[in-house]
Amino acid sequence: MSRPRSQTPWPLAVPAVFAAALLVVPIVGLLQQAPWSTLSERLTSPEIRDAMRVSAIVSVVAAALCLALGLPLAWVLARSSRRGIGLLRALVLLPMVLPPVVGGTALLFALGRRGLFGRWLDRVFGVTLPFTTAGAVVAATFVALPFFVTTLESALREEGIALDEAAATAGASPWSTFVHVTLPSMRSAIAAGLALSWARALGEFGATITFAGSLGGRTRTLPVETFLALEQDPESAVAISVLLLAISLGVLIGLRGRWLSR
Amino acid sequence: MIAGRVRCSPVPAAAALVALALVGAACASEPDRSVAMVPSSFTDLTDAIDAALDTETVWIIAGSSRLVSQLADGADADLLITADRETMQRAVDADLVDTPLGVVASNRLVLAVAPGNPAGIDELADLTDDDLLIGVCAIEVPCGRLAEQATTTIGLTVAADTEEPNVRSLALKITRGELDGGLIYATDARAFALDTVDDDALAPFVTDYVAASVHTAGREGAGREIVDLLRSAEGRDILLARGFSLP
C-alpha cells in the first residue's frame, strides 16, 4: 500500500523552505568558493594528512566513548525515579549550550595539570591530559556526549517499560533484560546517536583548541587546521572544509541508508 | 469529505518581524564615535586610550589577519592597527586602507615561565627540552612568525607541545601552569604578571604595530586622534606601563 501524497499546507511549506535555505545556502557559498582545480594538491599535503588522521582517531574514539558511557547514563535518566534526576538531566544538557571555548576552559580548570582533578591525575597516575591526543578525545567527548544521551534517552522513554516489565515477570534479571530486551530494540536509536555524536566530535573546535592545544599529528584536528589556515590561506581553509563536509555527508548518508531508514 | 479551513499561522509573520528587527539593529550606525580595529595585544590599552581622550571609541579587537579579512568583507572602521608590517601590507595590497600612519608602538618577544617556575627554566635552550611542556604561537599568526624567526636565527629547535592560535590563549596556559614556558610578547607577560627569562639573544626580535586610516566617505580623519595620542608623552607612558616598547 502506498502512502497518499499529502498536500503540504502553506504555513508549513513557506517556513520549511526558509529553514532549508538557511541551512543549505551557506554550504553553497562555501562550495562556490572552493578552489576546485587545486583541491587535490591542497588536500594531500602532509599537514592535512596528519590532521585527517588525528580527526579520524579523535572522532571515532569519542563516539565509542559516547556509546560506552552515554548509553548507561541515558538508561539511568530514562528509567530511574530517584530524586535529583531532573537536575542531572539539566546538567547533562549544559555542554550543548556552553560555548565550546568555555567548555574547554572549564576542562582545563578541572582536568588540566594544575586543575582540580587533573592535579591528582598528574600526581597519582602521572597522566597529563592537555596537549595530548587523549585530551583532544576528552574535549570531543565532552561536547558530543549530550547529543548521544538525549537521543537515547528519548528513544528509551518512547519504548516505555512494558517490555521490561514483561521480561521481569518472566524472571529475567534487570541486567539480562537490558542486554536481551532493551538493547536490541535500541539499535536504530544507537545508530542515530552514534552518527550525531560522531559528527559533532568531528566538527569540534573550541573545546579542543582550548583544552588540548594544537600540535600537528597530535592534537591538530581538521577544524583546528581550518581555523589556522583561515589566517593566511583562506582557500586552503575552504578546501579542508569541503573535505570535512564530504566525509561527514558520506558517513551520515551511509548510516541513514543502512540503519536509520524507516 | 469536509475540507478543513487552513488558518493563517502567526508564526511565519512573527519570525519575519524578528528577522527584520535584527537586521535593523545590526545596521544602526553610530556617527559620532570612531571605530578602531586593533590587534588582540591592544586589549589592555583600550580603556586607557578612551580615558585619556575622553571618548568612547568603538573597539574591534581580533587577530591582525582576521581584522584585515573583516575589512575585506565590508566591516566599517576608521582606523586599522596591525601587529606586524606584513599583515598591514596585505591590507594595503587589497586597497582596504588609504593613508598609512606609520608605526605607533613595538613589542618584544620574551620567554615567559609558569608562576613559580616549577620547571626551573632559566635559559632559551630549555625550549628544546622534550620533557618540558612548551608552547609557541602558530606560524600562521604574527607572534608565531616572530618566534619562528627568532628560534631559527638563534638555532633552536623548539620542542613545542602546542602551537596556539593567538598569544592570549598561549599566555593563559602559561599563567595556569599548564605549560612550563613559552614565547610570548612582553605586553602579554606584563598583563598576566608572568616572570620572564632575560636573554639578549631575543632582543632583536621586535614587532611593529602599524596604523593606517580606512577611507570612509564623510568620516575623514576619524580615528586619527588615537594615533596622535599614542605618539604624545601621555600616550608613551600608557604604552610603556603595559610593556610595549617605543618605535
# chains A, B, ... in the order shown; residues from 1 in each chain; ligands from 1
call {"tool": "residues_around", "arguments": {"residues": "Ala203 in chain B", "least_positions_apart": "4", "cutoff": "12 Å", "atoms": "only C-alpha atoms", "output": "ChimeraX atom specification"}}
result
/B:107-111,146-147,150,154,185-186,197-199,207,245
call {"tool": "residues_around", "arguments": {"residues": "Asp32 in chain B", "least_positions_apart": "6", "cutoff": "12 Å", "atoms": "only C-alpha atoms", "output": "PDB file with C-alpha atoms, in the first residue's frame"}}
result
ATOM      1  CA  THR B  55      35.893  59.468  24.116  1.00  0.00           C
ATOM      2  CA  GLU B  56      34.174  56.180  23.632  1.00  0.00           C
ATOM      3  CA  THR B  57      35.803  54.546  20.681  1.00  0.00           C
ATOM      4  CA  VAL B  58      34.118  51.506  19.199  1.00  0.00           C
ATOM      5  CA  ASP B  78      38.044  54.354  10.626  1.00  0.00           C
ATOM      6  CA  GLY B 218      32.377  61.724   5.237  1.00  0.00           C
ATOM      7  CA  ARG B 219      34.493  60.381   8.054  1.00  0.00           C
ATOM      8  CA  ALA B 222      38.212  59.860  12.347  1.00  0.00           C
ATOM      9  CA  GLY B 223      40.469  57.644  14.414  1.00  0.00           C
TER      10      GLY B 223
END
call {"tool": "closest_atom_pairs", "arguments": {"of": "chain A", "to": "chain B", "cutoff": "8 Å", "atoms": "only C-alpha atoms", "output": "tab-separated table"}}
result
residue	atom	partner	partner_atom	distance
A:Pro9	CA	B:Val6	CA	7.6
A:Pro11	CA	B:Ser9	CA	6.1
A:Val14	CA	B:Pro12	CA	7.9
A:Pro15	CA	B:Pro12	CA	6.3
A:Gly112	CA	B:Glu178	CA	6.4
A:Arg113	CA	B:Glu178	CA	5.6
A:Arg114	CA	B:Gly177	CA	6.3
A:Pro130	CA	B:Glu178	CA	7.5
A:Phe131	CA	B:Asp161	CA	6.1
A:Ile209	CA	B:Glu164	CA	7.8
A:Thr210	CA	B:Ser169	CA	7.5
A:Gly213	CA	B:Thr162	CA	5.3
A:Ser214	CA	B:Thr162	CA	4.9
A:Leu215	CA	B:Thr162	CA	4.9
A:Leu228	CA	B:Glu140	CA	6.2
A:Ala229	CA	B:Glu140	CA	7.1
A:Glu231	CA	B:Ser65	CA	5.5
A:Gln232	CA	B:Glu140	CA	6.0
call {"tool": "write_last_selection", "arguments": {"atoms": "N, CA and C atoms", "output": "PDB file, in the first residue's frame"}}
result
ATOM      1  N   PRO A   9       0.481  22.071   3.741  1.00  0.00           N
ATOM      2  CA  PRO A   9      -0.182  23.366   3.932  1.00  0.00           C
ATOM      3  C   PRO A   9       0.843  24.497   3.872  1.00  0.00           C
ATOM      4  N   PRO A  11       1.328  27.315   5.449  1.00  0.00           N
ATOM      5  CA  PRO A  11       2.010  27.833   6.655  1.00  0.00           C
ATOM      6  C   PRO A  11       3.144  26.940   7.114  1.00  0.00           C
ATOM      7  N   VAL A  14       6.109  27.333   3.643  1.00  0.00           N
ATOM      8  CA  VAL A  14       6.928  28.539   3.500  1.00  0.00           C
ATOM      9  C   VAL A  14       8.085  28.563   4.502  1.00  0.00           C
ATOM     10  N   PRO A  15       7.787  28.414   5.815  1.00  0.00           N
ATOM     11  CA  PRO A  15       8.929  28.405   6.745  1.00  0.00           C
ATOM     12  C   PRO A  15       9.864  27.224   6.526  1.00  0.00           C
ATOM     13  N   GLY A 112      43.141  19.890  33.827  1.00  0.00           N
ATOM     14  CA  GLY A 112      44.497  20.307  33.460  1.00  0.00           C
ATOM     15  C   GLY A 112      45.502  19.855  34.504  1.00  0.00           C
ATOM     16  N   ARG A 113      46.769  20.035  34.159  1.00  0.00           N
ATOM     17  CA  ARG A 113      47.833  19.575  35.051  1.00  0.00           C
ATOM     18  C   ARG A 113      47.744  20.241  36.427  1.00  0.00           C
ATOM     19  N   ARG A 114      47.252  21.482  36.468  1.00  0.00           N
ATOM     20  CA  ARG A 114      47.085  22.195  37.727  1.00  0.00           C
ATOM     21  C   ARG A 114      45.607  22.293  38.114  1.00  0.00           C
ATOM     22  N   PRO A 130      46.078  17.690  28.951  1.00  0.00           N
ATOM     23  CA  PRO A 130      46.226  18.745  27.963  1.00  0.00           C
ATOM     24  C   PRO A 130      47.415  18.488  27.038  1.00  0.00           C
ATOM     25  N   PHE A 131      47.289  18.914  25.797  1.00  0.00           N
ATOM     26  CA  PHE A 131      48.341  18.797  24.786  1.00  0.00           C
ATOM     27  C   PHE A 131      48.612  17.347  24.381  1.00  0.00           C
ATOM     28  N   ILE A 209      40.815  23.142  21.020  1.00  0.00           N
ATOM     29  CA  ILE A 209      41.992  24.015  20.971  1.00  0.00           C
ATOM     30  C   ILE A 209      42.267  24.618  22.348  1.00  0.00           C
ATOM     31  N   THR A 210      41.217  24.826  23.141  1.00  0.00           N
ATOM     32  CA  THR A 210      41.414  25.411  24.455  1.00  0.00           C
ATOM     33  C   THR A 210      41.992  24.399  25.433  1.00  0.00           C
ATOM     34  N   GLY A 213      45.062  22.162  22.975  1.00  0.00           N
ATOM     35  CA  GLY A 213      46.031  22.914  22.198  1.00  0.00           C
ATOM     36  C   GLY A 213      46.036  22.489  20.745  1.00  0.00           C
ATOM     37  N   SER A 214      47.127  22.747  20.056  1.00  0.00           N
ATOM     38  CA  SER A 214      47.181  22.483  18.634  1.00  0.00           C
ATOM     39  C   SER A 214      48.600  22.114  18.250  1.00  0.00           C
ATOM     40  N   LEU A 215      48.829  20.833  17.998  1.00  0.00           N
ATOM     41  CA  LEU A 215      50.145  20.412  17.527  1.00  0.00           C
ATOM     42  C   LEU A 215      49.941  19.390  16.425  1.00  0.00           C
ATOM     43  N   LEU A 228      43.363  27.751  11.573  1.00  0.00           N
ATOM     44  CA  LEU A 228      44.681  28.346  11.400  1.00  0.00           C
ATOM     45  C   LEU A 228      44.910  28.738   9.944  1.00  0.00           C
ATOM     46  N   ALA A 229      44.419  27.900   9.026  1.00  0.00           N
ATOM     47  CA  ALA A 229      44.601  28.201   7.607  1.00  0.00           C
ATOM     48  C   ALA A 229      43.878  29.491   7.230  1.00  0.00           C
ATOM     49  N   GLU A 231      43.826  32.181   8.695  1.00  0.00           N
ATOM     50  CA  GLU A 231      44.666  33.346   8.963  1.00  0.00           C
ATOM     51  C   GLU A 231      45.463  33.753   7.734  1.00  0.00           C
ATOM     52  N   GLN A 232      45.952  32.751   6.984  1.00  0.00           N
ATOM     53  CA  GLN A 232      46.927  33.041   5.943  1.00  0.00           C
ATOM     54  C   GLN A 232      46.470  32.622   4.564  1.00  0.00           C
TER      55      GLN A 232
END
call {"tool": "select_by_dssp", "arguments": {"residues": "range 4-244 of chain B", "states": "strand (DSSP E or B)", "output": "PyMOL selection string"}}
result
chain B and resi 35-39+58-62+79-82+100-113+134-137+160-164+181-185+195-197+206-213
call {"tool": "residues_around", "arguments": {"residues": "range 25-27 of chain A", "least_positions_apart": "4", "cutoff": "10 Å", "atoms": "only C-alpha atoms", "output": "list in words"}}
result
Ala20, Ala21, Leu31, Gln32, Gln33, Ser241, Val242 and Leu245 of chain A
call {"tool": "residues_around", "arguments": {"residues": "Leu194 in chain A", "least_positions_apart": "3", "cutoff": "10 Å", "atoms": "only C-alpha atoms", "output": "list in words"}}
result
Val60, Ala62, Ala63, Ala64, Leu65, Cys66, Leu67, Ala144, Leu145, Phe147, Phe148, Val149, Thr151, Leu152, Ser188, Ala189, Ile190, Ala191, Ser197, Trp198, Ala199, Arg200 and Leu255 of chain A
call {"tool": "residues_around", "arguments": {"residues": "range 174-179 of chain A", "least_positions_apart": "4", "cutoff": "10 Å", "atoms": "only C-alpha atoms", "output": "PyMOL selection string"}}
result
chain A and resi 75+163-168+183-185
call {"tool": "closest_residue", "arguments": {"among": "B:Asp93, B:Asp76, B:Asp228, B:Asp129", "to": "Gly182 in chain B", "atoms": "only C-alpha atoms"}}
result
B:Asp129
call {"tool": "select_by_dssp", "arguments": {"residues": "range 9-216 of chain B", "states": "alpha helix (DSSP H)", "output": "NGL selection string"}}
result
:B and (10-27 or 46-53 or 64-72 or 85-93 or 142-154 or 167-175 or 186-191)
